[in-house]
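As structure tokens, the structure follows; a few thoughts come after it.
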Amino acid sequence: MTRGRGWLLAYGVLTVAHLVTIGIGETWSQAITKVLLMPTLAVWARLNGGPVTLLVALGASLAGDFLLQVDQLLPGMLAFGVAHVCYVVLFARRARRRSLVVLAAYGVVWAGALVLLWPGLGDNRIPVAVYSLLVTATAVTSGWNGWQAGLGGALFLISDGLIGAGLAGHDFAARDYLVMATYCVAQYLLAANLLPGAKHTR
């Protein structure tokens, strides 16, 4: 993972810049920095031999980022759903040991979060339930591939959980920052652990 370090640095700079734009509250700067994140990470992943399915996941994430930025919730969820299917396929194939404990733990988290958010989700209840199951599947299968990949999956779940909390009416001042900070770190960790030669430390 030594190639294209400039692209990885650019991803880090864009992440920080996007978090700053959230504080500024300027729509155009938020949109521009947000849609540049996944292409930059994808170039880095590709230069390091990332599989095509990973590039599809990052491309779908780009579509999801744009759609959510322009308040297209259901199409955005669909795009991210494609990304999570890609991640689940990739991590399930690479898993050396499939832990039922991890599966059960995340099953409890998924059910508990859904119960808490359900009353406030309104018409979004079914889409959120289905999508959250896909995010949880990414968390489970990435967790089967070591702590670093597992942390990526967990952070993705937290990021989307915070979005779900907002949809259910549970908002707080730093939520937008936390959504994007956890998301950007999650995407990096997931991508990095799907590159050839990645060490799946347990």
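In the structure tokens, the first chain shown is A, the next is B, and so on; residue numbers restart at 1 for each chain, and ligands run from 1 in the order shown.
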
Could you pull the residues within 8 Å of region 120-137 of chain A, counting only C-alpha atoms, minus those fewer than 6 positions along the same chain, as number ranges by chain? A: 74, 77-78, 81, 84-85, 88, 106-107, 110, 114, 153, 156-157, 160, 164, 167-169

Per-residue nearest contacts region 77-96 of chain A to region 175-198 of chain A, cut-off 10 Å, using only C-alpha atoms, as a tab-separated table:
residue	atom	partner	partner_atom	distance
A:Tyr87	CA	A:Leu190	CA	8.1
A:Leu90	CA	A:Leu194	CA	7.6
A:Phe91	CA	A:Leu194	CA	7.7
A:Arg94	CA	A:Leu194	CA	8.7

With N, CA and C atoms retained, write the just-selected residues as a PDB file, in the first residue's frame.
ATOM      1  N   TYR A  87     -19.124  -4.769  -0.337  1.00  0.00           N
ATOM      2  CA  TYR A  87     -18.267  -5.000   0.825  1.00  0.00           C
ATOM      3  C   TYR A  87     -18.532  -6.362   1.459  1.00  0.00           C
ATOM      4  N   LEU A  90     -16.966  -9.086  -0.700  1.00  0.00           N
ATOM      5  CA  LEU A  90     -15.505  -9.089  -0.605  1.00  0.00           C
ATOM      6  C   LEU A  90     -15.020  -9.625   0.736  1.00  0.00           C
ATOM      7  N   PHE A  91     -15.593  -9.141   1.820  1.00  0.00           N
ATOM      8  CA  PHE A  91     -15.120  -9.564   3.134  1.00  0.00           C
ATOM      9  C   PHE A  91     -15.527 -10.999   3.469  1.00  0.00           C
ATOM     10  N   ARG A  94     -13.009 -13.316   1.917  1.00  0.00           N
ATOM     11  CA  ARG A  94     -11.678 -13.269   2.508  1.00  0.00           C
ATOM     12  C   ARG A  94     -11.641 -13.803   3.934  1.00  0.00           C
TER      13      ARG A  94
END

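Close contacts of Ala154 (chain A), defined as residues with an atom at most 9 Å away when counting only C-alpha atoms, with chain neighbours fewer than 5 positions off set aside, comprise Thr136, Thr138, Ala139, Val140, Ser142, Gly143, Ala149, Ser159 and Ala186 of chain A.
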
Which polymer residues have any atom within 10 Å of an atom of region 22-31 of chain A, counting only C-alpha atoms, with same-chain residues fewer than 3 positions away left out, as a ChimeraX atom specification? /A:17-19,34-36,65-66,68-70,174,176-177,180

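Nearest to Arg93 (chain A) of all the residues A:Gly64, A:Thr53, A:Ala173, A:Ala111 is A:Thr53, based on only C-alpha atoms.
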
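Note that CA of Ala83 (chain A) and CA of Ala60 (chain A) are 5.4 Å apart.
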
Mind listing the alpha helix (DSSP H) residues of region 29-194 of chain A, per DSSP on the backbone, as an mmCIF file with C-alpha atoms, in the first residue's frame?
data_model
loop_
_atom_site.group_PDB
_atom_site.id
_atom_site.type_symbol
_atom_site.label_atom_id
_atom_site.label_comp_id
_atom_site.auth_asym_id
_atom_site.auth_seq_id
_atom_site.Cartn_x
_atom_site.Cartn_y
_atom_site.Cartn_z
ATOM 1 C CA SER A 29 -18.109 23.904 -0.572
ATOM 2 C CA GLN A 30 -19.685 20.999 1.302
ATOM 3 C CA ALA A 31 -20.912 19.417 -1.924
ATOM 4 C CA ILE A 32 -17.612 19.834 -3.768
ATOM 5 C CA THR A 33 -15.421 18.423 -1.006
ATOM 6 C CA LYS A 34 -17.854 15.590 -0.364
ATOM 7 C CA VAL A 35 -18.035 14.345 -3.945
ATOM 8 C CA LEU A 36 -14.234 14.444 -4.281
ATOM 9 C CA LEU A 37 -13.675 12.103 -1.332
ATOM 10 C CA MET A 38 -14.524 8.720 -2.858
ATOM 11 C CA PRO A 39 -12.890 9.298 -6.284
ATOM 12 C CA THR A 40 -9.657 10.257 -4.509
ATOM 13 C CA LEU A 41 -9.768 7.151 -2.317
ATOM 14 C CA ALA A 42 -10.644 5.025 -5.357
ATOM 15 C CA VAL A 43 -7.591 6.239 -7.297
ATOM 16 C CA TRP A 44 -5.371 5.346 -4.342
ATOM 17 C CA ALA A 45 -7.019 1.926 -4.032
ATOM 18 C CA ARG A 46 -6.643 1.261 -7.741
ATOM 19 C CA LEU A 47 -2.952 2.248 -7.753
ATOM 20 C CA VAL A 52 -12.864 -4.065 -9.204
ATOM 21 C CA THR A 53 -15.614 -4.834 -6.695
ATOM 22 C CA LEU A 54 -14.009 -2.383 -4.252
ATOM 23 C CA LEU A 55 -13.979 0.292 -6.943
ATOM 24 C CA VAL A 56 -17.668 -0.395 -7.572
ATOM 25 C CA ALA A 57 -18.319 0.033 -3.833
ATOM 26 C CA LEU A 58 -16.503 3.366 -3.802
ATOM 27 C CA GLY A 59 -18.295 4.483 -6.966
ATOM 28 C CA ALA A 60 -21.652 3.594 -5.447
ATOM 29 C CA SER A 61 -20.621 5.480 -2.314
ATOM 30 C CA LEU A 62 -19.844 8.521 -4.462
ATOM 31 C CA ALA A 63 -23.348 8.346 -5.919
ATOM 32 C CA GLY A 64 -24.772 7.993 -2.420
ATOM 33 C CA ASP A 65 -22.769 10.961 -1.149
ATOM 34 C CA PHE A 66 -24.096 13.174 -3.928
ATOM 35 C CA LEU A 67 -27.690 12.026 -3.578
ATOM 36 C CA LEU A 68 -27.741 12.541 0.186
ATOM 37 C CA GLN A 69 -26.118 15.950 -0.252
ATOM 38 C CA LEU A 73 -32.699 9.995 0.799
ATOM 39 C CA LEU A 74 -34.103 6.815 -0.745
ATOM 40 C CA PRO A 75 -31.956 6.902 -3.933
ATOM 41 C CA GLY A 76 -28.951 7.639 -1.714
ATOM 42 C CA MET A 77 -29.735 4.660 0.490
ATOM 43 C CA LEU A 78 -30.070 2.495 -2.611
ATOM 44 C CA ALA A 79 -26.648 3.596 -3.858
ATOM 45 C CA PHE A 80 -25.041 2.881 -0.500
ATOM 46 C CA GLY A 81 -26.895 -0.423 -0.397
ATOM 47 C CA VAL A 82 -25.002 -1.426 -3.552
ATOM 48 C CA ALA A 83 -21.751 -0.427 -1.865
ATOM 49 C CA HIS A 84 -22.528 -2.585 1.162
ATOM 50 C CA VAL A 85 -23.402 -5.597 -0.976
ATOM 51 C CA CYS A 86 -19.952 -5.233 -2.565
ATOM 52 C CA TYR A 87 -18.267 -5.000 0.825
ATOM 53 C CA VAL A 88 -20.133 -8.011 2.176
ATOM 54 C CA VAL A 89 -19.159 -10.121 -0.841
ATOM 55 C CA LEU A 90 -15.505 -9.089 -0.605
ATOM 56 C CA PHE A 91 -15.120 -9.564 3.134
ATOM 57 C CA ALA A 92 -17.108 -12.795 3.252
ATOM 58 C CA ARG A 93 -14.819 -14.294 0.622
ATOM 59 C CA ARG A 94 -11.678 -13.269 2.508
ATOM 60 C CA LEU A 100 -20.999 -16.510 15.404
ATOM 61 C CA VAL A 101 -20.276 -14.294 18.401
ATOM 62 C CA VAL A 102 -19.663 -11.305 16.125
ATOM 63 C CA LEU A 103 -22.816 -12.143 14.173
ATOM 64 C CA ALA A 104 -24.914 -12.407 17.338
ATOM 65 C CA ALA A 105 -23.486 -9.219 18.862
ATOM 66 C CA TYR A 106 -24.231 -7.137 15.790
ATOM 67 C CA GLY A 107 -27.648 -8.754 15.498
ATOM 68 C CA VAL A 108 -28.465 -7.448 18.968
ATOM 69 C CA VAL A 109 -27.124 -3.987 18.071
ATOM 70 C CA TRP A 110 -29.191 -3.897 14.867
ATOM 71 C CA ALA A 111 -32.402 -4.966 16.577
ATOM 72 C CA GLY A 112 -31.876 -2.647 19.547
ATOM 73 C CA ALA A 113 -31.150 0.409 17.418
ATOM 74 C CA LEU A 114 -34.158 -0.288 15.221
ATOM 75 C CA VAL A 115 -36.445 -0.574 18.227
ATOM 76 C CA LEU A 116 -35.185 2.751 19.588
ATOM 77 C CA LEU A 117 -35.496 4.624 16.287
ATOM 78 C CA TRP A 118 -38.647 2.960 14.931
ATOM 79 C CA PRO A 119 -41.245 5.341 16.456
ATOM 80 C CA GLY A 120 -39.667 8.407 14.877
ATOM 81 C CA LEU A 121 -38.863 7.032 11.415
ATOM 82 C CA ARG A 125 -39.194 2.645 8.637
ATOM 83 C CA ILE A 126 -38.983 -0.182 6.089
ATOM 84 C CA PRO A 127 -36.213 1.369 3.926
ATOM 85 C CA VAL A 128 -34.148 2.100 7.036
ATOM 86 C CA ALA A 129 -34.693 -1.417 8.387
ATOM 87 C CA VAL A 130 -33.527 -3.011 5.136
ATOM 88 C CA TYR A 131 -30.605 -0.660 4.620
ATOM 89 C CA SER A 132 -29.450 -0.944 8.226
ATOM 90 C CA LEU A 133 -29.370 -4.722 7.820
ATOM 91 C CA LEU A 134 -26.935 -4.299 4.913
ATOM 92 C CA VAL A 135 -24.734 -1.947 6.947
ATOM 93 C CA THR A 136 -24.766 -4.450 9.799
ATOM 94 C CA ALA A 137 -23.759 -7.212 7.380
ATOM 95 C CA THR A 138 -20.741 -5.120 6.365
ATOM 96 C CA ALA A 139 -19.847 -4.705 10.042
ATOM 97 C CA VAL A 140 -20.138 -8.457 10.633
ATOM 98 C CA THR A 141 -18.154 -9.620 7.613
ATOM 99 C CA SER A 142 -15.452 -6.965 8.035
ATOM 100 C CA GLY A 143 -15.193 -8.024 11.682
ATOM 101 C CA TRP A 147 -9.716 -5.682 14.064
ATOM 102 C CA GLN A 148 -8.709 -3.006 11.553
ATOM 103 C CA ALA A 149 -11.297 -4.016 8.967
ATOM 104 C CA GLY A 150 -13.757 -4.619 11.782
ATOM 105 C CA LEU A 151 -13.206 -1.100 13.094
ATOM 106 C CA GLY A 152 -14.011 0.212 9.627
ATOM 107 C CA GLY A 153 -17.265 -1.709 9.546
ATOM 108 C CA ALA A 154 -18.166 -0.583 13.060
ATOM 109 C CA LEU A 155 -17.493 3.077 12.241
ATOM 110 C CA PHE A 156 -19.633 2.825 9.098
ATOM 111 C CA LEU A 157 -22.446 1.436 11.233
ATOM 112 C CA ILE A 158 -22.028 4.282 13.734
ATOM 113 C CA SER A 159 -22.030 6.871 10.947
ATOM 114 C CA ASP A 160 -25.239 5.566 9.427
ATOM 115 C CA GLY A 161 -26.730 5.077 12.882
ATOM 116 C CA LEU A 162 -26.218 8.789 13.497
ATOM 117 C CA ILE A 163 -27.987 9.566 10.228
ATOM 118 C CA GLY A 164 -30.832 7.312 11.321
ATOM 119 C CA ALA A 165 -30.988 9.112 14.657
ATOM 120 C CA GLY A 166 -31.413 12.391 12.808
ATOM 121 C CA LEU A 167 -34.185 10.945 10.673
ATOM 122 C CA ARG A 175 -23.969 15.012 14.765
ATOM 123 C CA ASP A 176 -23.046 16.136 11.228
ATOM 124 C CA TYR A 177 -19.343 16.235 12.120
ATOM 125 C CA LEU A 178 -19.465 12.775 13.661
ATOM 126 C CA VAL A 179 -21.374 11.347 10.691
ATOM 127 C CA MET A 180 -18.708 12.436 8.231
ATOM 128 C CA ALA A 181 -15.664 11.855 10.450
ATOM 129 C CA THR A 182 -16.638 8.248 11.173
ATOM 130 C CA TYR A 183 -17.661 7.707 7.542
ATOM 131 C CA CYS A 184 -14.368 8.924 6.071
ATOM 132 C CA VAL A 185 -12.263 6.856 8.462
ATOM 133 C CA ALA A 186 -14.508 3.835 7.856
ATOM 134 C CA GLN A 187 -14.150 3.999 4.079
ATOM 135 C CA TYR A 188 -10.370 4.237 4.358
ATOM 136 C CA LEU A 189 -10.121 1.270 6.735
ATOM 137 C CA LEU A 190 -12.432 -0.891 4.628
ATOM 138 C CA ALA A 191 -10.599 -0.061 1.398
ATOM 139 C CA ALA A 192 -7.131 -0.487 2.932
#

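Atom pair CA of Arg5 (chain A) / CA of Asn48 (chain A): separated by 9.9 Å.
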
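The spacing separating CA of Arg98 (chain A) from CA of Asn145 (chain A) amounts to 8.7 Å.
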